[in-house]
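run35.txt follows; it contains compact mmCIF, C-alpha atoms.
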```txt
# COMPACT_ATOMS: atom_id res chain seq x y z
CA MET S 1225 -139.62 -183.45 74.26
CA SER S 1226 -137.27 -181.38 76.44
CA ASN S 1227 -136.66 -177.74 75.62
CA ILE S 1228 -133.16 -176.26 75.47
CA MET S 1229 -131.77 -173.10 77.07
CA ILE S 1230 -128.82 -171.27 75.45
CA SER S 1231 -126.16 -169.23 77.29
CA ARG S 1232 -124.11 -166.71 75.34
CA GLY S 1233 -122.09 -163.71 76.48
CA GLY S 1234 -123.39 -163.97 80.04
CA GLN S 1235 -127.07 -163.94 78.93
CA THR S 1236 -129.60 -166.77 78.73
CA TYR S 1237 -131.91 -167.34 75.74
CA GLY S 1238 -134.78 -169.76 75.18
CA PRO S 1239 -136.28 -172.15 75.74
CA TYR S 1240 -136.06 -173.58 72.21
CA THR S 1241 -137.17 -176.91 70.85
CA PRO S 1242 -134.47 -179.20 69.42
CA ALA S 1243 -135.83 -178.50 65.94
CA GLU S 1244 -135.46 -174.76 66.44
CA VAL S 1245 -131.93 -175.23 67.73
CA GLN S 1246 -131.05 -177.31 64.68
CA ALA S 1247 -132.40 -174.57 62.41
CA TYR S 1248 -130.32 -171.92 64.21
CA LEU S 1249 -127.23 -174.12 63.86
CA ALA S 1250 -127.82 -174.50 60.14
CA SER S 1251 -128.17 -170.72 59.67
CA GLY S 1252 -125.03 -169.97 61.69
CA GLU S 1253 -126.86 -168.05 64.42
CA LEU S 1254 -125.80 -170.69 66.94
CA SER S 1255 -122.55 -172.60 67.27
CA ALA S 1256 -122.08 -176.18 68.42
CA ASP S 1257 -119.66 -174.79 71.03
CA ASP S 1258 -122.30 -172.55 72.63
CA HIS S 1259 -123.31 -173.46 76.18
CA ALA S 1260 -126.74 -175.06 76.59
CA TRP S 1261 -128.87 -176.77 79.21
CA SER S 1262 -131.92 -178.98 79.19
CA GLU S 1263 -133.96 -180.80 81.81
CA GLY S 1264 -132.05 -183.66 83.38
CA LEU S 1265 -128.65 -181.97 83.09
CA PRO S 1266 -126.92 -180.77 86.28
CA ASP S 1267 -125.01 -177.92 84.60
CA TRP S 1268 -124.28 -176.18 81.32
CA ALA S 1269 -122.67 -178.21 78.55
CA GLN S 1270 -121.75 -177.75 74.91
CA LEU S 1271 -124.76 -177.45 72.63
CA ALA S 1272 -123.73 -180.41 70.49
CA SER S 1273 -123.57 -182.63 73.58
CA VAL S 1274 -126.97 -181.43 74.80
CA LEU S 1275 -128.59 -182.18 71.44
CA GLU S 1276 -127.28 -185.75 71.57
CA ARG S 1277 -128.85 -186.27 74.99
CA VAL S 1278 -132.20 -184.62 74.35
CA GLY S 1279 -134.75 -187.28 73.40
CA SER S 1280 -132.25 -190.16 73.60
CA ARG S 1281 -133.40 -191.17 77.07
CA PRO S 1282 -135.85 -189.72 79.52
CA GLY S 1283 -133.55 -189.93 82.53
CA GLU S 1284 -134.47 -188.68 85.96
CA ALA S 1285 -135.56 -185.14 86.56
CA ALA S 1286 -132.43 -183.75 88.05
CA VAL S 1287 -132.33 -180.43 89.82
CA PRO S 1288 -129.90 -178.21 87.92
CA VAL S 1289 -126.97 -176.82 89.92
CA PHE S 1290 -125.40 -174.01 87.87
CA THR S 1291 -121.92 -172.93 88.79
CA ASP S 1292 -121.16 -169.29 89.51
CA ILE S 1293 -118.14 -169.40 87.24
CA ALA S 1294 -118.71 -167.60 83.94
CA PRO S 1295 -118.72 -169.94 80.93
CA ALA S 1296 -115.40 -170.34 79.17
CA LEU S 1297 -114.72 -168.02 76.26
CA PRO S 1298 -115.11 -169.57 72.81
CA ASP S 1299 -112.03 -169.91 70.66
CA GLY S 1300 -111.21 -166.69 68.87
CA VAL S 1301 -112.56 -164.33 71.54
CA ALA S 1302 -109.53 -163.96 73.79
CA GLY S 1303 -106.74 -161.64 72.73
CA PHE S 1304 -105.36 -158.13 73.11
CA SER S 1305 -107.73 -155.21 72.39
CA TRP S 1306 -105.77 -152.46 70.65
CA GLY S 1307 -108.94 -150.45 70.24
CA GLY S 1308 -109.53 -150.61 73.99
CA LEU S 1309 -105.96 -149.47 74.71
CA LEU S 1310 -105.53 -146.70 72.10
CA PHE S 1311 -109.07 -145.28 71.90
CA SER S 1312 -110.38 -146.22 75.32
CA PRO S 1313 -113.34 -143.83 75.94
CA VAL S 1314 -114.87 -144.19 72.46
CA TRP S 1315 -114.26 -147.95 72.40
CA SER S 1316 -115.90 -148.33 75.82
CA ILE S 1317 -119.06 -146.54 74.67
CA GLY S 1318 -119.23 -148.50 71.41
CA ASN S 1319 -118.88 -151.84 73.21
CA ARG S 1320 -120.97 -150.89 76.29
CA VAL S 1321 -118.04 -151.52 78.63
CA TRP S 1322 -118.88 -148.62 80.91
CA PRO S 1323 -115.99 -149.02 83.41
CA GLY S 1324 -113.73 -148.00 80.52
CA LEU S 1325 -114.93 -144.40 80.92
CA LEU S 1326 -112.65 -144.21 83.96
CA THR S 1327 -109.89 -143.49 81.42
CA LEU S 1328 -111.13 -139.89 81.44
CA ILE S 1329 -109.84 -139.47 85.00
CA PRO S 1330 -106.28 -138.03 85.02
CA GLY S 1331 -103.73 -140.40 86.54
CA LEU S 1332 -106.10 -143.37 86.67
CA GLY S 1333 -106.80 -143.26 82.94
CA ILE S 1334 -103.54 -144.86 81.80
CA LEU S 1335 -104.04 -147.83 84.11
CA VAL S 1336 -107.61 -148.37 82.93
CA SER S 1337 -106.48 -148.16 79.29
CA PHE S 1338 -104.00 -151.01 79.78
CA TRP S 1339 -106.66 -153.00 81.66
CA LEU S 1340 -108.96 -152.61 78.65
CA GLY S 1341 -106.13 -153.71 76.39
CA PHE S 1342 -105.77 -157.04 78.21
CA LYS S 1343 -109.42 -157.65 79.23
CA GLY S 1344 -111.36 -155.60 76.68
CA ARG S 1345 -112.28 -158.38 74.26
CA GLU S 1346 -113.54 -160.62 77.03
CA LEU S 1347 -115.61 -157.80 78.55
CA ALA S 1348 -117.09 -156.87 75.18
CA TRP S 1349 -117.98 -160.50 74.39
CA ARG S 1350 -119.78 -161.02 77.68
CA LYS S 1351 -121.96 -157.99 76.96
CA GLY S 1352 -123.61 -160.12 74.28
CA GLY S 1353 -125.34 -159.03 71.10
CA TRP S 1354 -122.91 -160.81 68.78
CA GLN S 1355 -124.10 -163.12 66.02
CA ASN S 1356 -121.12 -165.42 66.41
CA VAL S 1357 -117.38 -165.34 67.08
CA ALA S 1358 -116.59 -164.35 63.49
CA HIS S 1359 -118.88 -161.35 63.75
CA PHE S 1360 -117.32 -160.34 67.07
CA ASP S 1361 -113.76 -160.64 65.75
CA ARG S 1362 -114.61 -158.64 62.62
CA VAL S 1363 -115.99 -155.75 64.67
CA GLN S 1364 -112.98 -155.74 67.03
CA ARG S 1365 -110.58 -155.60 64.09
CA ARG S 1366 -112.39 -152.48 62.90
CA TRP S 1367 -111.98 -150.99 66.36
CA THR S 1368 -108.25 -151.69 66.13
CA VAL S 1369 -107.99 -149.68 62.90
CA VAL S 1370 -110.04 -146.83 64.39
CA GLY S 1371 -107.91 -146.87 67.55
CA VAL S 1372 -104.60 -146.66 65.65
CA ILE S 1373 -105.85 -143.81 63.44
CA GLY S 1374 -107.26 -141.92 66.43
CA PHE S 1375 -104.04 -142.37 68.41
CA VAL S 1376 -101.90 -141.07 65.52
CA VAL S 1377 -104.17 -138.05 65.04
CA VAL S 1378 -103.97 -137.17 68.75
CA VAL S 1379 -100.16 -137.47 68.75
CA VAL S 1380 -99.78 -135.27 65.63
CA VAL S 1381 -102.17 -132.58 66.91
CA THR S 1382 -100.42 -132.53 70.29
CA ALA S 1383 -96.98 -132.22 68.68
CA LEU S 1384 -98.15 -129.32 66.49
CA ALA S 1385 -99.68 -127.54 69.47
CA VAL S 1386 -96.45 -127.88 71.47
CA ALA S 1387 -94.37 -126.66 68.54
CA GLU S 1388 -96.52 -123.54 68.14
CA ARG S 1389 -96.02 -122.65 71.80
CA GLN S 1390 -92.22 -122.80 71.62
CA PRO S 1391 -90.78 -119.26 71.93
CA VAL S 1392 -88.86 -117.90 68.95
CA ARG S 1393 -85.33 -117.11 70.07
CA GLU S 1394 -84.06 -113.81 68.70
CA PRO S 1395 -80.50 -113.57 67.39
CA ALA S 1396 -77.82 -112.10 69.64
CA VAL S 1397 -77.42 -109.07 67.36
CA PRO S 1398 -80.75 -108.69 65.54
CA VAL S 1399 -79.85 -105.48 63.76
CA ALA S 1400 -76.61 -106.91 62.42
CA GLN S 1401 -78.34 -110.01 61.10
CA ALA S 1402 -81.19 -107.98 59.60
CA ALA S 1403 -78.89 -105.63 57.69
CA PRO S 1404 -79.26 -105.84 53.89
CA PRO S 1405 -76.46 -107.79 52.19
CA GLN S 1406 -75.49 -104.84 50.00
CA ALA S 1407 -74.99 -102.64 53.07
CA ARG S 1408 -72.11 -104.70 54.47
CA PRO S 1409 -69.21 -106.58 52.86
CA GLU S 1410 -68.70 -110.27 53.44
CA ALA S 1411 -65.76 -109.49 55.75
CA PRO S 1412 -65.52 -106.28 57.86
CA PRO S 1413 -62.62 -103.96 57.04
CA ALA S 1414 -59.60 -104.17 59.29
CA VAL S 1415 -59.71 -100.43 59.99
CA LEU S 1416 -62.85 -98.31 60.33
CA PRO S 1417 -62.84 -95.35 57.90
CA ALA S 1418 -62.50 -91.95 59.50
CA PRO S 1419 -65.79 -90.18 60.33
CA ALA S 1420 -67.10 -87.96 57.57
CA GLN S 1421 -66.46 -84.34 58.58
CA PRO S 1422 -66.66 -84.72 62.37
CA ALA S 1423 -67.43 -81.61 64.39
CA ARG S 1424 -64.80 -82.55 66.95
CA GLN S 1425 -62.24 -85.27 67.45
CA LEU S 1426 -63.34 -88.32 69.45
CA GLN S 1427 -60.63 -90.48 70.94
CA ARG S 1428 -61.39 -94.16 70.29
CA PRO S 1429 -62.18 -96.46 71.89
CA ILE S 1430 -64.35 -94.58 74.38
CA ALA S 1431 -65.83 -96.15 77.50
CA ARG S 1432 -69.40 -97.31 77.09
CA ASP S 1433 -70.78 -95.15 79.92
CA GLN S 1434 -69.00 -92.05 78.57
CA LEU S 1435 -70.45 -92.61 75.09
CA GLU S 1436 -73.95 -93.07 76.47
CA ALA S 1437 -73.74 -89.95 78.65
CA MET S 1438 -72.53 -87.91 75.68
CA LEU S 1439 -75.00 -89.15 73.04
CA ARG S 1440 -78.26 -89.95 74.88
CA GLY S 1441 -81.06 -87.76 73.54
CA MET S 1442 -78.82 -86.40 70.75
CA PRO S 1443 -80.42 -86.11 67.26
CA VAL S 1444 -79.26 -88.20 64.33
CA GLN S 1445 -77.46 -85.35 62.57
CA ALA S 1446 -75.46 -84.49 65.69
CA VAL S 1447 -74.38 -88.13 66.17
CA GLU S 1448 -73.19 -88.26 62.56
CA ALA S 1449 -71.26 -85.04 63.12
CA VAL S 1450 -69.47 -86.57 66.13
CA LEU S 1451 -68.98 -90.18 64.99
CA GLY S 1452 -69.24 -89.88 61.23
CA GLN S 1453 -71.23 -92.18 58.99
CA PRO S 1454 -71.97 -95.62 60.51
CA TYR S 1455 -70.49 -98.87 59.26
CA TYR S 1456 -74.09 -99.81 58.38
CA GLN S 1457 -77.57 -98.68 59.30
CA LYS S 1458 -81.03 -100.24 59.47
CA SER S 1459 -84.51 -98.71 59.86
CA GLU S 1460 -87.51 -100.85 60.77
CA GLN S 1461 -90.88 -100.13 62.48
CA GLY S 1462 -89.94 -96.61 63.57
CA LEU S 1463 -86.56 -97.71 65.00
CA LEU S 1464 -83.28 -96.56 63.36
CA ALA S 1465 -80.01 -98.33 64.18
CA TYR S 1466 -76.43 -97.14 63.47
CA ALA S 1467 -73.58 -99.64 63.88
CA TYR S 1468 -69.92 -98.68 64.47
CA LEU S 1469 -66.81 -100.90 64.69
CA ASP S 1470 -64.16 -100.65 67.43
CA LEU S 1471 -65.88 -97.60 68.89
CA THR S 1472 -66.29 -98.49 72.56
CA ARG S 1473 -64.54 -100.24 75.41
CA ASN S 1474 -66.08 -102.35 78.18
CA PRO S 1475 -64.99 -100.69 81.47
CA ALA S 1476 -65.59 -103.92 83.39
CA SER S 1477 -63.27 -106.12 81.34
CA GLY S 1478 -61.20 -103.53 79.53
CA GLY S 1479 -61.88 -105.25 76.23
CA ILE S 1480 -62.70 -103.38 73.03
CA ASP S 1481 -66.18 -103.95 71.60
CA LYS S 1482 -66.28 -105.42 68.13
CA ILE S 1483 -69.50 -103.56 67.36
CA ALA S 1484 -71.55 -100.82 69.05
CA VAL S 1485 -75.13 -100.23 67.92
CA ILE S 1486 -76.90 -96.93 68.61
CA PHE S 1487 -80.70 -96.95 68.42
CA PHE S 1488 -82.77 -93.87 67.50
CA ARG S 1489 -86.47 -93.45 68.16
CA GLY S 1490 -88.26 -90.29 67.04
CA GLY S 1491 -85.00 -88.95 65.62
CA THR S 1492 -83.01 -89.03 68.90
CA VAL S 1493 -80.76 -91.56 70.61
CA ALA S 1494 -82.86 -94.01 72.66
CA GLY S 1495 -80.58 -96.98 73.42
CA PHE S 1496 -77.34 -98.86 72.90
CA HIS S 1497 -76.17 -102.44 72.23
CA TYR S 1498 -72.60 -103.81 72.39
CA GLN S 1499 -70.82 -106.99 71.31
CA GLU S 1500 -67.37 -107.46 72.74
CA LYS S 1501 -64.58 -109.09 70.76
CA VAL S 1502 -63.95 -112.73 71.61
```
Using the file provided, produce a representation of the structure as structure tokens.
Amino acid sequence: MSNIMISRGGQTYGPYTPAEVQAYLASGELSADDHAWSEGLPDWAQLASVLERVGSRPGEAAVPVFTDIAPALPDGVAGFSWGGLLFSPVWSIGNRVWPGLLTLIPGLGILVSFWLGFKGRELAWRKGGWQNVAHFDRVQRRWTVVGVIGFVVVVVVTALAVAERQPVREPAVPVAQAAPPQARPEAPPAVLPAPAQPARQLQRPIARDQLEAMLRGMPVQAVEAVLGQPYYQKSEQGLLAYAYLDLTRNPASGGIDKIAVIFFRGGTVAGFHYQEKV
């Protein structure tokens, strides 16, 4: 009685007796569509066809001539591999498709990922080790779920990392925006109240450079004596800010500043900020 060789996933198994093959078919370990060969056959054929020929007639001892073309894929194997596309490196290791590790190379990786998407199932099947097509398809569906979850996690983590690196843009007039609500009315008064007990008269508006030359390094009490009480004030982290309305003029444009902010550090004038009327 002729023995039978089985080809599956690019690997050859056997030889088996016809009785053993029948037992494997009954248990589901072999499929009638698997490729098989026995003495007297010139090439691989479907297992069901080989079983019909074995023992039916002795025939002549033919020299087998196997083709170099890989056996056709069984029904249910071909298809798109989402796991290979979305989770390429991990999928490649799990399915022993080692060329898929080329996805780790910048630039080349995206091309390899799409190649795995279109050819991944075929490559994984030919590696062998599958009980049958149903077992193979079940495992690949699990890889699809893992690939989608992994892809979503990577996208979310990347988006959060990019968002954390975005610089926080400070407001144009930070002191004005940080002022407590009770320290300023909803609408500024049309006319600034006269300074409280000024030591000398100050003609307004005064040019920015003249104001800075006069006040720089001056203590808080002296500034209040010259300009009066500010429209509002704010103290934070060792920095004190006084804001005055219609106090200064921009020499470059000739326009009157809507607000002038004087900053104090250590009790003396340290800087200025202006916002011109629109």
As AutoDock Vina command-line options, please report the centre and edge lengths, rounded to one decimal in Å, of the axis-aligned box that holds all listed atoms of stretch 1361-1376 of chain S with 4 Å of padding on each of the six sides.
```
--center_x -108.9 --center_y -150.9 --center_z 65.5 --size_x 22.1 --size_y 27.6 --size_z 13.8
```
* Could you give me, as a PyMOL selection string, the residues that have an atom at most 12 Å away from the point (-66.1, -93.4, 67.7) in the coordinates of the file, using all atoms listed in the file? => chain S and resi 1416-1420+1422+1424-1432+1434-1436+1438-1439+1447-1455+1466-1473+1480-1481+1483-1486
* When distances are computed from all atoms listed in the file, which of S:Gly1333, S:Gly1318, S:Pro1475, S:Gly1307 shows the smallest separation from S:Lys1351? ->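 Looking only at the distances to S:Lys1351, the closest residue turns out to be S:Gly1318.
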* Asked: Within 9 Å of (-130.4, -168.8, 75.9), all atoms listed in the file: residues as a PyMOL selection string?
  -> chain S and resi 1228-1232+1235-1240+1259-1261
* Hey, can you check how far atom CA of S:Thr1382 sits from atom CA of S:Ser1316? -> 22.8 Å
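Separating atom CA of S:Ser1477 from atom CA of S:Ala1494 is a distance of 24.6 Å.
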* Do you have the atom CA of S:Ile1317-atom CA of S:Trp1367 distance handy? ->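 Between atom CA of S:Ile1317 and atom CA of S:Trp1367 the gap is 11.8 Å.
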Tell me which protein, DNA and RNA residues are within 12 Å of S:Asn1227, counting only C-alpha atoms, leaving out same-chain ones fewer than 4 positions away, and put them as an mmCIF file with C-alpha atoms, in the frame of the given file.
```cif
data_model
loop_
_atom_site.group_PDB
_atom_site.id
_atom_site.type_symbol
_atom_site.label_atom_id
_atom_site.label_comp_id
_atom_site.auth_asym_id
_atom_site.auth_seq_id
_atom_site.Cartn_x
_atom_site.Cartn_y
_atom_site.Cartn_z
ATOM 1 C CA TYR S 1237 -131.910 -167.340 75.740
ATOM 2 C CA GLY S 1238 -134.780 -169.760 75.180
ATOM 3 C CA PRO S 1239 -136.280 -172.150 75.740
ATOM 4 C CA TYR S 1240 -136.060 -173.580 72.210
ATOM 5 C CA THR S 1241 -137.170 -176.910 70.850
ATOM 6 C CA PRO S 1242 -134.470 -179.200 69.420
ATOM 7 C CA ALA S 1243 -135.830 -178.500 65.940
ATOM 8 C CA GLU S 1244 -135.460 -174.760 66.440
ATOM 9 C CA VAL S 1245 -131.930 -175.230 67.730
ATOM 10 C CA ALA S 1260 -126.740 -175.060 76.590
ATOM 11 C CA TRP S 1261 -128.870 -176.770 79.210
ATOM 12 C CA SER S 1262 -131.920 -178.980 79.190
ATOM 13 C CA GLU S 1263 -133.960 -180.800 81.810
ATOM 14 C CA GLY S 1264 -132.050 -183.660 83.380
ATOM 15 C CA LEU S 1265 -128.650 -181.970 83.090
ATOM 16 C CA VAL S 1274 -126.970 -181.430 74.800
ATOM 17 C CA LEU S 1275 -128.590 -182.180 71.440
ATOM 18 C CA ARG S 1277 -128.850 -186.270 74.990
ATOM 19 C CA VAL S 1278 -132.200 -184.620 74.350
ATOM 20 C CA GLY S 1279 -134.750 -187.280 73.400
#
```
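Each of S:Gly1308, S:Pro1443, S:Gly1371, S:Gly1353 was compared to S:Val1321 using only C-alpha atoms, and S:Gly1308 turns out to be the nearest.
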* To do: Could you check which of S:Met1442, S:Ala1476, S:Leu1328, S:Val1379 is closest to S:Gly1495, using all atoms listed in the file?
  =>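 Of all the options, S:Met1442 lies closest to S:Gly1495.
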* For S:Phe1496, which of S:Gln1445, S:Trp1349, S:Gly1479, S:Asp1433 is the closest residue, counting all atoms listed in the file? ->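 Ranked by minimum distance to S:Phe1496, first place goes to S:Asp1433.
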